[in-house]
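**Student:** Got my_file08.txt for you, compact mmCIF, C-alpha atoms and all ligand atoms:
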# COMPACT_ATOMS: atom_id res chain seq x y z
CA MET A 1 0.00 0.00 0.00
CA THR A 2 1.44 3.36 -1.00
CA THR A 3 0.93 6.32 1.28
CA VAL A 4 1.77 9.86 0.25
CA VAL A 5 1.96 12.89 2.51
CA VAL A 6 1.52 16.18 0.67
CA CYS A 7 3.18 18.68 2.94
CA ASP A 8 2.87 22.45 2.91
CA LEU A 9 6.04 24.36 3.85
CA ASP A 10 5.55 27.85 5.34
CA GLY A 11 3.83 27.56 8.70
CA VAL A 12 4.20 23.76 8.74
CA LEU A 13 7.93 22.97 8.48
CA TYR A 14 9.26 26.46 9.11
CA LEU A 15 8.24 30.03 9.80
CA HIS A 16 10.26 32.17 7.41
CA ASP A 17 13.76 30.81 8.16
CA ARG A 18 13.08 29.29 11.58
CA PRO A 19 12.33 25.54 11.72
CA VAL A 20 9.29 24.15 13.49
CA PRO A 21 10.65 21.98 16.32
CA ARG A 22 11.13 18.30 15.37
CA ALA A 23 10.13 18.89 11.73
CA ARG A 24 13.20 17.01 10.45
CA GLN A 25 12.57 14.00 12.69
CA ALA A 26 8.95 13.87 11.58
CA LEU A 27 9.85 13.88 7.87
CA GLU A 28 12.59 11.31 8.44
CA SER A 29 10.32 8.92 10.29
CA LEU A 30 7.67 9.17 7.56
CA GLU A 31 10.28 8.48 4.91
CA ALA A 32 11.82 5.62 6.91
CA ALA A 33 8.36 4.02 7.09
CA GLY A 34 8.06 4.11 3.29
CA VAL A 35 5.76 7.12 3.06
CA ARG A 36 6.36 9.19 -0.09
CA LEU A 37 6.68 12.93 0.54
CA VAL A 38 5.42 15.63 -1.80
CA PHE A 39 6.01 19.28 -0.94
CA ALA A 40 3.34 21.67 -2.19
CA THR A 41 3.62 25.39 -1.65
CA ASN A 42 1.74 28.47 -2.76
CA ASN A 43 4.98 30.41 -2.39
CA SER A 44 5.74 31.35 -6.00
CA THR A 45 9.04 33.11 -5.34
CA LYS A 46 11.29 30.03 -5.41
CA THR A 47 12.34 27.36 -7.89
CA PRO A 48 11.94 23.73 -6.69
CA GLU A 49 15.74 23.57 -6.33
CA ARG A 50 15.61 26.60 -4.05
CA VAL A 51 12.71 25.12 -2.07
CA VAL A 52 14.82 22.01 -1.47
CA SER A 53 17.94 23.96 -0.46
CA ASP A 54 15.95 26.22 1.90
CA LEU A 55 14.28 23.15 3.41
CA HIS A 56 17.67 21.57 3.97
CA ARG A 57 19.23 24.71 5.42
CA ARG A 58 16.30 25.51 7.73
CA VAL A 59 15.03 22.08 8.73
CA GLY A 60 17.96 19.76 7.96
CA PHE A 61 15.90 17.50 5.67
CA ARG A 62 17.00 16.67 2.14
CA ALA A 63 14.06 16.43 -0.26
CA ASP A 64 13.93 15.55 -3.95
CA PRO A 65 13.28 18.63 -6.18
CA ALA A 66 11.21 16.35 -8.42
CA MET A 67 8.73 16.00 -5.55
CA VAL A 68 8.17 19.75 -5.15
CA ALA A 69 5.07 21.48 -6.53
CA THR A 70 4.94 25.27 -6.40
CA ALA A 71 2.15 27.64 -7.37
CA ALA A 72 4.63 29.16 -9.83
CA MET A 73 4.95 25.80 -11.62
CA ALA A 74 1.18 25.32 -11.65
CA THR A 75 0.73 28.82 -13.04
CA ALA A 76 3.40 28.36 -15.72
CA ALA A 77 1.83 25.07 -16.85
CA PHE A 78 -1.60 26.72 -16.92
CA VAL A 79 -0.63 29.77 -19.01
CA ALA A 80 1.86 27.98 -21.31
CA PRO A 81 -0.64 27.04 -24.03
CA SER A 82 -2.27 30.49 -24.18
CA ALA A 83 0.04 33.27 -22.96
CA PRO A 84 3.18 33.68 -25.01
CA ARG A 85 3.78 37.25 -23.75
CA PRO A 86 3.12 37.57 -19.99
CA TYR A 87 4.00 40.59 -17.86
CA VAL A 88 5.05 39.28 -14.45
CA LEU A 89 4.80 40.75 -10.98
CA GLY A 90 6.77 38.09 -9.21
CA ALA A 91 10.14 36.69 -8.28
CA ASP A 92 12.64 34.21 -9.74
CA GLY A 93 10.57 31.14 -9.02
CA LEU A 94 7.83 32.39 -11.31
CA VAL A 95 10.09 33.69 -14.09
CA VAL A 96 12.14 30.46 -14.13
CA SER A 97 9.01 28.26 -14.06
CA LEU A 98 7.67 30.15 -17.08
CA ARG A 99 10.97 29.77 -18.91
CA ARG A 100 10.87 26.00 -18.26
CA GLU A 101 7.52 25.99 -20.06
CA GLY A 102 9.14 27.88 -22.96
CA ILE A 103 7.81 31.32 -22.06
CA ASP A 104 9.79 34.52 -21.55
CA ALA A 105 8.19 37.31 -19.56
CA VAL A 106 7.97 40.61 -21.45
CA ALA A 107 9.72 43.65 -19.99
CA THR A 108 7.10 46.12 -21.21
CA ALA A 109 3.58 45.68 -19.89
CA ALA A 110 2.08 47.31 -23.00
CA MET A 111 3.21 44.24 -25.02
CA ALA A 112 1.61 41.74 -22.66
CA ASP A 113 -1.27 39.39 -23.51
CA THR A 114 -1.47 38.30 -19.85
CA VAL A 115 -0.52 39.74 -16.47
CA ILE A 116 0.67 37.16 -13.96
CA VAL A 117 0.77 38.21 -10.31
CA GLY A 118 2.71 36.32 -7.66
CA LEU A 119 4.47 37.38 -4.48
CA ASP A 120 6.88 40.10 -5.59
CA PRO A 121 9.32 41.24 -2.88
CA ASN A 122 10.58 43.98 -5.23
CA LEU A 123 7.16 45.33 -6.09
CA THR A 124 7.06 49.01 -6.97
CA TYR A 125 4.13 51.32 -7.54
CA ARG A 126 5.30 51.79 -11.14
CA ARG A 127 5.15 48.06 -11.88
CA LEU A 128 1.80 47.75 -10.15
CA ALA A 129 0.52 50.59 -12.31
CA ASP A 130 1.89 48.94 -15.48
CA ALA A 131 0.11 45.69 -14.59
CA VAL A 132 -3.16 47.55 -14.04
CA LEU A 133 -2.78 49.42 -17.34
CA ALA A 134 -2.13 46.17 -19.25
CA ILE A 135 -5.25 44.52 -17.83
CA GLY A 136 -7.22 47.66 -18.58
CA ALA A 137 -6.01 47.36 -22.18
CA GLY A 138 -7.32 43.78 -22.41
CA ALA A 139 -4.59 41.51 -21.03
CA ALA A 140 -5.79 38.47 -19.08
CA PHE A 141 -5.26 38.46 -15.29
CA VAL A 142 -3.75 35.33 -13.73
CA ALA A 143 -2.65 34.92 -10.09
CA THR A 144 -0.42 32.30 -8.51
CA GLY A 145 -2.54 32.40 -5.37
CA THR A 146 -4.61 34.52 -3.05
CA ASP A 147 -3.00 33.76 0.32
CA PRO A 148 -3.63 37.05 2.15
CA THR A 149 -0.60 36.77 4.41
CA TYR A 150 2.85 35.26 4.69
CA PRO A 151 3.72 34.01 8.19
CA THR A 152 7.08 35.10 9.67
CA PRO A 153 8.48 35.08 13.23
CA GLU A 154 7.78 38.83 13.23
CA GLY A 155 4.12 38.25 12.41
CA LEU A 156 2.12 38.21 9.19
CA TYR A 157 3.57 39.91 6.11
CA PRO A 158 1.33 40.78 3.15
CA GLY A 159 0.96 37.69 0.97
CA THR A 160 0.37 37.19 -2.74
CA GLY A 161 -3.33 37.83 -2.22
CA ALA A 162 -2.63 41.33 -0.93
CA ILE A 163 -0.89 42.23 -4.21
CA VAL A 164 -3.52 40.42 -6.28
CA ALA A 165 -6.19 42.40 -4.42
CA ALA A 166 -4.49 45.70 -5.29
CA VAL A 167 -4.57 44.81 -9.00
CA GLY A 168 -8.10 43.44 -8.73
CA VAL A 169 -9.47 46.51 -6.96
CA ALA A 170 -7.85 48.87 -9.47
CA THR A 171 -9.04 46.95 -12.54
CA GLY A 172 -12.34 45.53 -11.32
CA VAL A 173 -11.23 42.21 -12.82
CA ASP A 174 -11.11 38.89 -10.94
CA PRO A 175 -8.03 36.80 -11.69
CA VAL A 176 -7.84 33.17 -12.69
CA VAL A 177 -6.04 31.63 -9.68
CA CYS A 178 -3.64 28.70 -10.14
CA GLY A 179 -2.25 27.80 -6.69
CA LYS A 180 -3.84 25.70 -3.94
CA PRO A 181 -6.78 24.88 -3.88
CA HIS A 182 -7.38 25.57 -7.57
CA PRO A 183 -7.38 23.00 -10.40
CA PRO A 184 -3.93 23.80 -11.94
CA MET A 185 -2.20 23.10 -8.61
CA ILE A 186 -4.29 20.02 -7.90
CA ALA A 187 -3.38 18.65 -11.34
CA LEU A 188 0.31 19.24 -10.65
CA VAL A 189 0.19 17.66 -7.18
CA ARG A 190 -1.85 14.74 -8.51
CA ARG A 191 0.90 13.93 -11.01
CA LEU A 192 3.43 13.73 -8.15
CA VAL A 193 1.05 11.70 -5.95
CA GLY A 194 0.68 9.14 -8.73
CA ASP A 195 -1.38 6.06 -7.94
CA ALA A 196 -1.03 6.22 -4.14
CA ASP A 197 -3.63 4.36 -2.10
CA VAL A 198 -3.71 6.86 0.75
CA VAL A 199 -3.03 10.59 0.51
CA TRP A 200 -2.81 12.98 3.43
CA VAL A 201 -2.46 16.74 3.03
CA VAL A 202 -0.70 18.55 5.89
CA GLY A 203 -1.19 22.30 6.09
CA ASP A 204 -1.72 25.33 8.28
CA ARG A 205 -4.19 27.25 6.09
CA PRO A 206 -7.74 25.89 5.77
CA GLU A 207 -8.76 27.85 2.66
CA THR A 208 -5.78 26.57 0.65
CA ASP A 209 -4.39 23.34 2.15
CA LEU A 210 -7.59 21.85 3.53
CA ALA A 211 -9.64 23.10 0.58
CA MET A 212 -7.22 21.34 -1.79
CA ALA A 213 -7.56 18.12 0.22
CA ARG A 214 -11.33 18.46 0.09
CA ALA A 215 -11.41 19.21 -3.66
CA ALA A 216 -9.05 16.35 -4.54
CA GLY A 217 -10.66 13.77 -2.26
CA TRP A 218 -7.63 13.48 0.06
CA ALA A 219 -7.54 13.55 3.87
CA GLY A 220 -6.54 16.77 5.62
CA ILE A 221 -4.35 17.29 8.69
CA LEU A 222 -4.34 20.78 10.19
CA VAL A 223 -1.26 21.89 12.15
CA LEU A 224 -1.44 24.87 14.49
CA THR A 225 2.08 26.24 13.99
CA GLY A 226 1.24 28.66 11.17
CA VAL A 227 -1.62 31.00 10.34
CA THR A 228 -4.27 29.00 12.22
CA ALA A 229 -3.81 29.08 16.00
CA ASP A 230 -7.15 27.56 16.93
CA ALA A 231 -8.96 24.76 15.10
CA SER A 232 -12.32 26.31 16.01
CA GLU A 233 -11.51 29.09 13.48
CA VAL A 234 -11.85 26.57 10.65
CA PRO A 235 -15.08 26.93 8.67
CA ALA A 236 -17.34 23.87 8.90
CA ASP A 237 -16.99 22.99 5.21
CA LEU A 238 -13.18 22.82 5.50
CA ARG A 239 -12.87 20.80 8.73
CA PRO A 240 -9.86 18.49 8.48
CA GLU A 241 -9.90 14.80 9.33
CA VAL A 242 -7.31 15.45 12.04
CA VAL A 243 -5.94 18.41 14.00
CA VAL A 244 -2.49 18.19 15.61
CA PRO A 245 -0.36 20.81 17.37
CA SER A 246 2.49 20.49 14.86
CA ILE A 247 4.24 18.40 12.20
CA ALA A 248 5.89 16.48 15.05
CA GLU A 249 2.61 14.61 15.65
CA VAL A 250 1.95 13.80 11.98
CA PRO A 251 3.88 10.48 11.84
CA ALA A 252 1.72 9.09 14.66
CA VAL A 253 -1.39 9.96 12.66
CA VAL A 254 -0.17 8.71 9.28
CA LEU A 255 1.58 5.58 10.53
CA GLY A 256 -1.24 4.74 12.92
CA GLY A 257 -1.15 4.44 16.66
CA GLY A 258 -2.95 7.66 17.42
CA ALA A 259 -1.37 10.32 19.65
CA ALA A 260 -3.59 12.60 17.63
CA ASP A 261 -6.65 14.56 18.52
CA PRO A 262 -9.00 13.53 15.73
CA ALA A 263 -11.54 16.16 14.77
CA SER A 264 -13.46 13.17 13.49
CA PRO A 265 -12.33 9.57 12.93
CA PRO A 266 -9.67 9.71 10.22
CA SER A 267 -10.84 8.30 6.91
CA PRO A 268 -7.91 8.67 4.53
CA HIS A 269 -8.94 5.81 2.24
CA ARG A 270 -10.49 7.28 -0.84
MG MG B 301 1.37 27.37 4.91
If you took the structure in this file and wrote it as structure tokens, what would it be?
**Tutor:**
Amino acid sequence: MTTVVVCDLDGVLYLHDRPVPRARQALESLEAAGVRLVFATNNSTKTPERVVSDLHRRVGFRADPAMVATAAMATAAFVAPSAPRPYVLGADGLVVSLRREGIDAVATAAMADTVIVGLDPNLTYRRLADAVLAIGAGAAFVATGTDPTYPTPEGLYPGTGAIVAAVGVATGVDPVVCGKPHPPMIALVRRLVGDADVVWVVGDRPETDLAMARAAGWAGILVLTGVTADASEVPADLRPEVVVPSIAEVPAVVLGGGAADPASPPSPHR
């Protein structure tokens, strides 16, 4: 029987560059038990190689870049057939993912057929304005995600969704969203999951991680180390199968033997 754990990163394995205690041991014991690990993140700023090196540096765990799914990759795969000339508000992870799909971002927004918005740490008002002008002139509007915040040890930074909202408010246009829990990301994660018998999704954000689990027919585990501090905040339609304090308790849930606090009896077999 093949079991896959689809693990979110920010707020689950680390907060910014600080590891969640015992994250490495948890991942190692899952792997040692034959569980396949897939890492799925709505962070569009990094390439899979960078995700793996950050994970190793922060948490001490060495993952396979081929088992990483980012919202940037999902977005690039989604726009590839239809957007040869995107204008990009985003970082390296997005630009490189597009290039791997054969697409070069245009430098001038006026030439764009699509505006793609991800988390852009170098965002300027000028580039925001150019994106808004391009959409106003008829370019399509695509977003890597709508996560409102980005958890750090300092507190919550503005997330991709905050930038997407700025463009959306100014244009009056709703974007097509590609990251968790939307179909392009589910398709990408599903390819990495393969023909697993049991799939668990571990995440800290109900509206992305748990919603993806729900939409894909996988079981959800909520950890309380990230943006959700209290399981009672979770809307009824996104309730996970299991709630645990942190990733440290996930092996006990996935490998059996309890030690968890099931929100309802776990039913990962789909
Ligand atoms: Mg997260």
**Student:** Check which residues fall inside 7 Å of ligand MG 301 (chain B) when counting all atoms listed in the file, and print them as a ChimeraX atom specification.
**Tutor:** /A:8-12,203-205,226
**Student:** For each of A:Thr152, A:Thr124, A:Thr146, A:Thr70, take the minimum atom-to-atom distance to Gly168 (chain A), counting all atoms listed in the file, then give the residue where this is smallest.
**Tutor:**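 The shortest atom-to-atom distance to Gly168 (chain A) comes from A:Thr146.
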**Student:** What gap, in Å, lies between CA of Val198 (chain A) and CA of Val4 (chain A)?
**Tutor:**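 For CA of Val198 (chain A) relative to CA of Val4 (chain A), the distance reads 6.3 Å.
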**Student:** Can you list, as a CSV table (one decimal) with C-alpha atoms, keeping the file's coordinate frame, every protein, DNA or RNA residue that comes within 12 Å of Met67 (chain A) when you count only C-alpha atoms, leaving out same-chain residues fewer than 3 positions away?
**Tutor:**
chain,number,residue,atom,x,y,z
A,4,VAL,CA,1.8,9.9,0.2
A,5,VAL,CA,2.0,12.9,2.5
A,6,VAL,CA,1.5,16.2,0.7
A,7,CYS,CA,3.2,18.7,2.9
A,36,ARG,CA,6.4,9.2,-0.1
A,37,LEU,CA,6.7,12.9,0.5
A,38,VAL,CA,5.4,15.6,-1.8
A,39,PHE,CA,6.0,19.3,-0.9
A,40,ALA,CA,3.3,21.7,-2.2
A,41,THR,CA,3.6,25.4,-1.6
A,48,PRO,CA,11.9,23.7,-6.7
A,49,GLU,CA,15.7,23.6,-6.3
A,51,VAL,CA,12.7,25.1,-2.1
A,52,VAL,CA,14.8,22.0,-1.5
A,62,ARG,CA,17.0,16.7,2.1
A,63,ALA,CA,14.1,16.4,-0.3
A,64,ASP,CA,13.9,15.6,-4.0
A,70,THR,CA,4.9,25.3,-6.4
A,188,LEU,CA,0.3,19.2,-10.6
A,189,VAL,CA,0.2,17.7,-7.2
A,190,ARG,CA,-1.8,14.7,-8.5
A,191,ARG,CA,0.9,13.9,-11.0
A,192,LEU,CA,3.4,13.7,-8.2
A,193,VAL,CA,1.0,11.7,-6.0
A,194,GLY,CA,0.7,9.1,-8.7
**Student:** With only C-alpha atoms as the counted atoms, please give the residues lying no more than 8 Å from Val117 (chain A), apart from itself and same-chain residues fewer than 4 positions off, as a list of chain:residue names.
**Tutor:**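 Contacts, with the query itself left out: A:Val88, A:Leu89, A:Gly90, A:Phe141, A:Val142, A:Ala143, A:Thr144, A:Thr160, A:Ile163, A:Val164.
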**Student:** Take the residues from that selection and write them out as an mmCIF file, keeping the file's coordinate frame, keeping C-alpha atoms.
**Tutor:**
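selection04.cif, written as the output of this step:
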data_model
loop_
_atom_site.group_PDB
_atom_site.id
_atom_site.type_symbol
_atom_site.label_atom_id
_atom_site.label_comp_id
_atom_site.auth_asym_id
_atom_site.auth_seq_id
_atom_site.Cartn_x
_atom_site.Cartn_y
_atom_site.Cartn_z
ATOM 1 C CA VAL A 88 5.050 39.280 -14.450
ATOM 2 C CA LEU A 89 4.800 40.750 -10.980
ATOM 3 C CA GLY A 90 6.770 38.090 -9.210
ATOM 4 C CA PHE A 141 -5.260 38.460 -15.290
ATOM 5 C CA VAL A 142 -3.750 35.330 -13.730
ATOM 6 C CA ALA A 143 -2.650 34.920 -10.090
ATOM 7 C CA THR A 144 -0.420 32.300 -8.510
ATOM 8 C CA THR A 160 0.370 37.190 -2.740
ATOM 9 C CA ILE A 163 -0.890 42.230 -4.210
ATOM 10 C CA VAL A 164 -3.520 40.420 -6.280
#
**Student:** What's around region 217-225 of chain A at 7 Å? Count all atoms listed in the file, leave out sequence neighbours fewer than 2 positions away in its own chain, and write the answer as an MDAnalysis selection string.
**Tutor:** chainID A and resid 11:12 199:204 210 213:215 228:230 240:247 267:268 270
**Student:** To one decimal in Å, tell me the separation between CA of Ala26 (chain A) and CA of Leu238 (chain A).
**Tutor:** 24.6 Å
**Student:** Find the spatial neighbours of Ala80 (chain A), counting only C-alpha atoms, within a cut-off of 9 Å - ignore same-chain residues fewer than 2 positions away - and output them as a PDB file with C-alpha atoms, in the coordinates of the input.
**Tutor:**
ATOM      1  CA  THR A  75       0.730  28.820 -13.040  1.00  0.00           C
ATOM      2  CA  ALA A  76       3.400  28.360 -15.720  1.00  0.00           C
ATOM      3  CA  ALA A  77       1.830  25.070 -16.850  1.00  0.00           C
ATOM      4  CA  PHE A  78      -1.600  26.720 -16.920  1.00  0.00           C
ATOM      5  CA  SER A  82      -2.270  30.490 -24.180  1.00  0.00           C
ATOM      6  CA  ALA A  83       0.040  33.270 -22.960  1.00  0.00           C
ATOM      7  CA  PRO A  84       3.180  33.680 -25.010  1.00  0.00           C
ATOM      8  CA  LEU A  98       7.670  30.150 -17.080  1.00  0.00           C
ATOM      9  CA  GLU A 101       7.520  25.990 -20.060  1.00  0.00           C
ATOM     10  CA  GLY A 102       9.140  27.880 -22.960  1.00  0.00           C
ATOM     11  CA  ILE A 103       7.810  31.320 -22.060  1.00  0.00           C
TER      12      ILE A 103
END
